[in-house]
Amino acid sequence: MKTCRLSFLLVVAAVVLAFSGTQVYAASPREDIVQAYFLIKMSNNNYSGHRDAALKELEVVGRELGLDMRSGGQNKQPQIKSDTQMAQAFQILRVARDKLDRRDREHEAGHLEKALHEVDLALRKK
């Protein structure tokens with residue numbers, strides 16, 4: 001009896017959630033670029049200059065696309081967290097590059113590729 005009642009409650013909960021009007025939010029490629037920029041910026045290691053080179057390329061992309069790349073925060077954290085953030089930023093940038101509309105992709109492809117290259121080099125230097 002209890003398992004039947006639990007099953008019924010689970011089905012009801014699933015139906016309520018399905019029709020509750022909740023929307024899944026997917027970040028735009030532009031938001032992804034800004035998020036990756038902040039992840040890289042918050043890294044505490046310069047990775048032999050590759051971190052700064054990637055930031056400069058992303059700042060150019062941000063300026064050209066009219067993105068707000070101003071940030072706050074500190075970059076004092078354990079190295080493992082820094083490495084994880086750099087790897088996460090790399091993945092976000094790859095996806096964002098592919099999701100950009102054609103005009104933006106054609107216009108900013110060089111800078112995004114350079115930024116990806118610098119992040120990749122930074123991760124190899126760790």
# chains A, B, ... in the order shown; residues from 1 in each chain; ligands from 1
$ residues_around --residues "segment 26-40 of chain A" --least-positions-apart "4" --cutoff "7 Å" --atoms "only C-alpha atoms" --output "ChimeraX atom specification"
/A:51,55,58,69,85-86,89,92-93,96,99-100
$ closest_residue --among "A:Asp52, A:Gln79, A:Asn45, A:Arg97" --to "His111 of chain A" --atoms "only C-alpha atoms"
A:Arg97
$ decode --residues "segment 21-124 of chain A" --atoms "C-alpha atoms" --output "PDB file, in the first residue's frame"
ATOM      1  CA  GLY A  21       5.757  26.728 -16.456  1.00  0.00           C
ATOM      2  CA  THR A  22       9.352  26.455 -15.376  1.00  0.00           C
ATOM      3  CA  GLN A  23      11.678  27.377 -18.166  1.00  0.00           C
ATOM      4  CA  VAL A  24      15.150  26.120 -18.712  1.00  0.00           C
ATOM      5  CA  TYR A  25      17.580  28.948 -19.305  1.00  0.00           C
ATOM      6  CA  ALA A  26      20.430  28.515 -21.740  1.00  0.00           C
ATOM      7  CA  ALA A  27      23.079  31.202 -21.717  1.00  0.00           C
ATOM      8  CA  SER A  28      23.711  33.014 -24.959  1.00  0.00           C
ATOM      9  CA  PRO A  29      27.140  32.705 -26.568  1.00  0.00           C
ATOM     10  CA  ARG A  30      27.849  36.304 -25.549  1.00  0.00           C
ATOM     11  CA  GLU A  31      27.062  35.504 -21.905  1.00  0.00           C
ATOM     12  CA  ASP A  32      29.262  32.428 -22.183  1.00  0.00           C
ATOM     13  CA  ILE A  33      32.178  34.557 -23.390  1.00  0.00           C
ATOM     14  CA  VAL A  34      31.767  36.917 -20.425  1.00  0.00           C
ATOM     15  CA  GLN A  35      31.564  33.966 -17.999  1.00  0.00           C
ATOM     16  CA  ALA A  36      34.715  32.420 -19.467  1.00  0.00           C
ATOM     17  CA  TYR A  37      36.482  35.783 -19.237  1.00  0.00           C
ATOM     18  CA  PHE A  38      35.691  36.010 -15.520  1.00  0.00           C
ATOM     19  CA  LEU A  39      36.760  32.423 -14.892  1.00  0.00           C
ATOM     20  CA  ILE A  40      40.106  33.085 -16.541  1.00  0.00           C
ATOM     21  CA  LYS A  41      40.500  36.416 -14.788  1.00  0.00           C
ATOM     22  CA  MET A  42      39.878  34.835 -11.377  1.00  0.00           C
ATOM     23  CA  SER A  43      42.625  32.239 -11.927  1.00  0.00           C
ATOM     24  CA  ASN A  44      45.537  32.860  -9.599  1.00  0.00           C
ATOM     25  CA  ASN A  45      48.336  31.734 -11.891  1.00  0.00           C
ATOM     26  CA  ASN A  46      49.518  33.598 -14.974  1.00  0.00           C
ATOM     27  CA  TYR A  47      50.458  30.333 -16.726  1.00  0.00           C
ATOM     28  CA  SER A  48      53.649  31.750 -18.260  1.00  0.00           C
ATOM     29  CA  GLY A  49      51.796  34.758 -19.672  1.00  0.00           C
ATOM     30  CA  HIS A  50      49.117  32.748 -21.495  1.00  0.00           C
ATOM     31  CA  ARG A  51      46.375  33.767 -19.053  1.00  0.00           C
ATOM     32  CA  ASP A  52      46.987  37.459 -19.703  1.00  0.00           C
ATOM     33  CA  ALA A  53      47.233  36.884 -23.458  1.00  0.00           C
ATOM     34  CA  ALA A  54      43.871  35.074 -23.432  1.00  0.00           C
ATOM     35  CA  LEU A  55      42.316  37.897 -21.375  1.00  0.00           C
ATOM     36  CA  LYS A  56      43.559  40.509 -23.854  1.00  0.00           C
ATOM     37  CA  GLU A  57      42.042  38.604 -26.780  1.00  0.00           C
ATOM     38  CA  LEU A  58      38.739  38.244 -24.943  1.00  0.00           C
ATOM     39  CA  GLU A  59      38.755  41.946 -24.073  1.00  0.00           C
ATOM     40  CA  VAL A  60      39.005  42.713 -27.798  1.00  0.00           C
ATOM     41  CA  VAL A  61      36.109  40.327 -28.472  1.00  0.00           C
ATOM     42  CA  GLY A  62      34.107  41.944 -25.678  1.00  0.00           C
ATOM     43  CA  ARG A  63      34.759  45.447 -26.949  1.00  0.00           C
ATOM     44  CA  GLU A  64      33.835  44.493 -30.519  1.00  0.00           C
ATOM     45  CA  LEU A  65      30.640  42.724 -29.449  1.00  0.00           C
ATOM     46  CA  GLY A  66      29.680  45.402 -26.926  1.00  0.00           C
ATOM     47  CA  LEU A  67      29.975  43.084 -23.918  1.00  0.00           C
ATOM     48  CA  ASP A  68      30.440  44.273 -20.334  1.00  0.00           C
ATOM     49  CA  MET A  69      33.790  42.772 -19.317  1.00  0.00           C
ATOM     50  CA  ARG A  70      34.249  44.783 -16.113  1.00  0.00           C
ATOM     51  CA  SER A  71      34.780  42.619 -13.073  1.00  0.00           C
ATOM     52  CA  GLY A  72      35.375  42.592  -9.396  1.00  0.00           C
ATOM     53  CA  GLY A  73      36.727  39.961  -7.117  1.00  0.00           C
ATOM     54  CA  GLN A  74      40.018  38.613  -5.982  1.00  0.00           C
ATOM     55  CA  ASN A  75      42.218  36.005  -7.544  1.00  0.00           C
ATOM     56  CA  LYS A  76      43.464  34.261  -4.412  1.00  0.00           C
ATOM     57  CA  GLN A  77      42.512  30.598  -4.446  1.00  0.00           C
ATOM     58  CA  PRO A  78      44.109  27.150  -4.428  1.00  0.00           C
ATOM     59  CA  GLN A  79      45.939  26.173  -7.611  1.00  0.00           C
ATOM     60  CA  ILE A  80      43.673  23.194  -8.278  1.00  0.00           C
ATOM     61  CA  LYS A  81      40.648  25.496  -8.330  1.00  0.00           C
ATOM     62  CA  SER A  82      42.465  27.858 -10.671  1.00  0.00           C
ATOM     63  CA  ASP A  83      43.293  25.005 -13.055  1.00  0.00           C
ATOM     64  CA  THR A  84      39.692  23.813 -12.935  1.00  0.00           C
ATOM     65  CA  GLN A  85      38.415  27.300 -13.760  1.00  0.00           C
ATOM     66  CA  MET A  86      40.787  27.583 -16.716  1.00  0.00           C
ATOM     67  CA  ALA A  87      39.626  24.204 -18.046  1.00  0.00           C
ATOM     68  CA  GLN A  88      35.996  25.202 -17.569  1.00  0.00           C
ATOM     69  CA  ALA A  89      36.595  28.511 -19.357  1.00  0.00           C
ATOM     70  CA  PHE A  90      38.177  26.627 -22.268  1.00  0.00           C
ATOM     71  CA  GLN A  91      35.093  24.429 -22.662  1.00  0.00           C
ATOM     72  CA  ILE A  92      32.708  27.381 -22.377  1.00  0.00           C
ATOM     73  CA  LEU A  93      34.638  29.323 -25.028  1.00  0.00           C
ATOM     74  CA  ARG A  94      34.624  26.390 -27.443  1.00  0.00           C
ATOM     75  CA  VAL A  95      30.864  26.043 -27.152  1.00  0.00           C
ATOM     76  CA  ALA A  96      30.291  29.814 -27.333  1.00  0.00           C
ATOM     77  CA  ARG A  97      32.424  30.065 -30.471  1.00  0.00           C
ATOM     78  CA  ASP A  98      30.274  27.460 -32.178  1.00  0.00           C
ATOM     79  CA  LYS A  99      26.992  29.034 -31.001  1.00  0.00           C
ATOM     80  CA  LEU A 100      27.762  32.606 -32.135  1.00  0.00           C
ATOM     81  CA  ASP A 101      25.687  33.777 -35.059  1.00  0.00           C
ATOM     82  CA  ARG A 102      27.496  33.819 -38.391  1.00  0.00           C
ATOM     83  CA  ARG A 103      28.245  37.549 -38.470  1.00  0.00           C
ATOM     84  CA  ASP A 104      29.735  37.587 -34.958  1.00  0.00           C
ATOM     85  CA  ARG A 105      31.634  34.360 -35.581  1.00  0.00           C
ATOM     86  CA  GLU A 106      33.196  35.687 -38.786  1.00  0.00           C
ATOM     87  CA  HIS A 107      34.064  38.999 -37.159  1.00  0.00           C
ATOM     88  CA  GLU A 108      35.578  37.643 -33.932  1.00  0.00           C
ATOM     89  CA  ALA A 109      36.829  34.203 -34.947  1.00  0.00           C
ATOM     90  CA  GLY A 110      40.505  35.196 -34.914  1.00  0.00           C
ATOM     91  CA  HIS A 111      40.447  36.633 -31.415  1.00  0.00           C
ATOM     92  CA  LEU A 112      38.410  33.739 -30.016  1.00  0.00           C
ATOM     93  CA  GLU A 113      40.790  31.230 -31.615  1.00  0.00           C
ATOM     94  CA  LYS A 114      43.791  33.070 -30.138  1.00  0.00           C
ATOM     95  CA  ALA A 115      42.128  33.135 -26.703  1.00  0.00           C
ATOM     96  CA  LEU A 116      41.380  29.401 -26.926  1.00  0.00           C
ATOM     97  CA  HIS A 117      44.955  28.738 -27.990  1.00  0.00           C
ATOM     98  CA  GLU A 118      46.331  30.742 -25.045  1.00  0.00           C
ATOM     99  CA  VAL A 119      44.087  28.966 -22.535  1.00  0.00           C
ATOM    100  CA  ASP A 120      45.106  25.617 -24.014  1.00  0.00           C
ATOM    101  CA  LEU A 121      48.793  26.558 -23.675  1.00  0.00           C
ATOM    102  CA  ALA A 122      48.166  27.770 -20.119  1.00  0.00           C
ATOM    103  CA  LEU A 123      46.651  24.439 -19.162  1.00  0.00           C
ATOM    104  CA  ARG A 124      49.649  22.610 -20.595  1.00  0.00           C
TER     105      ARG A 124
END
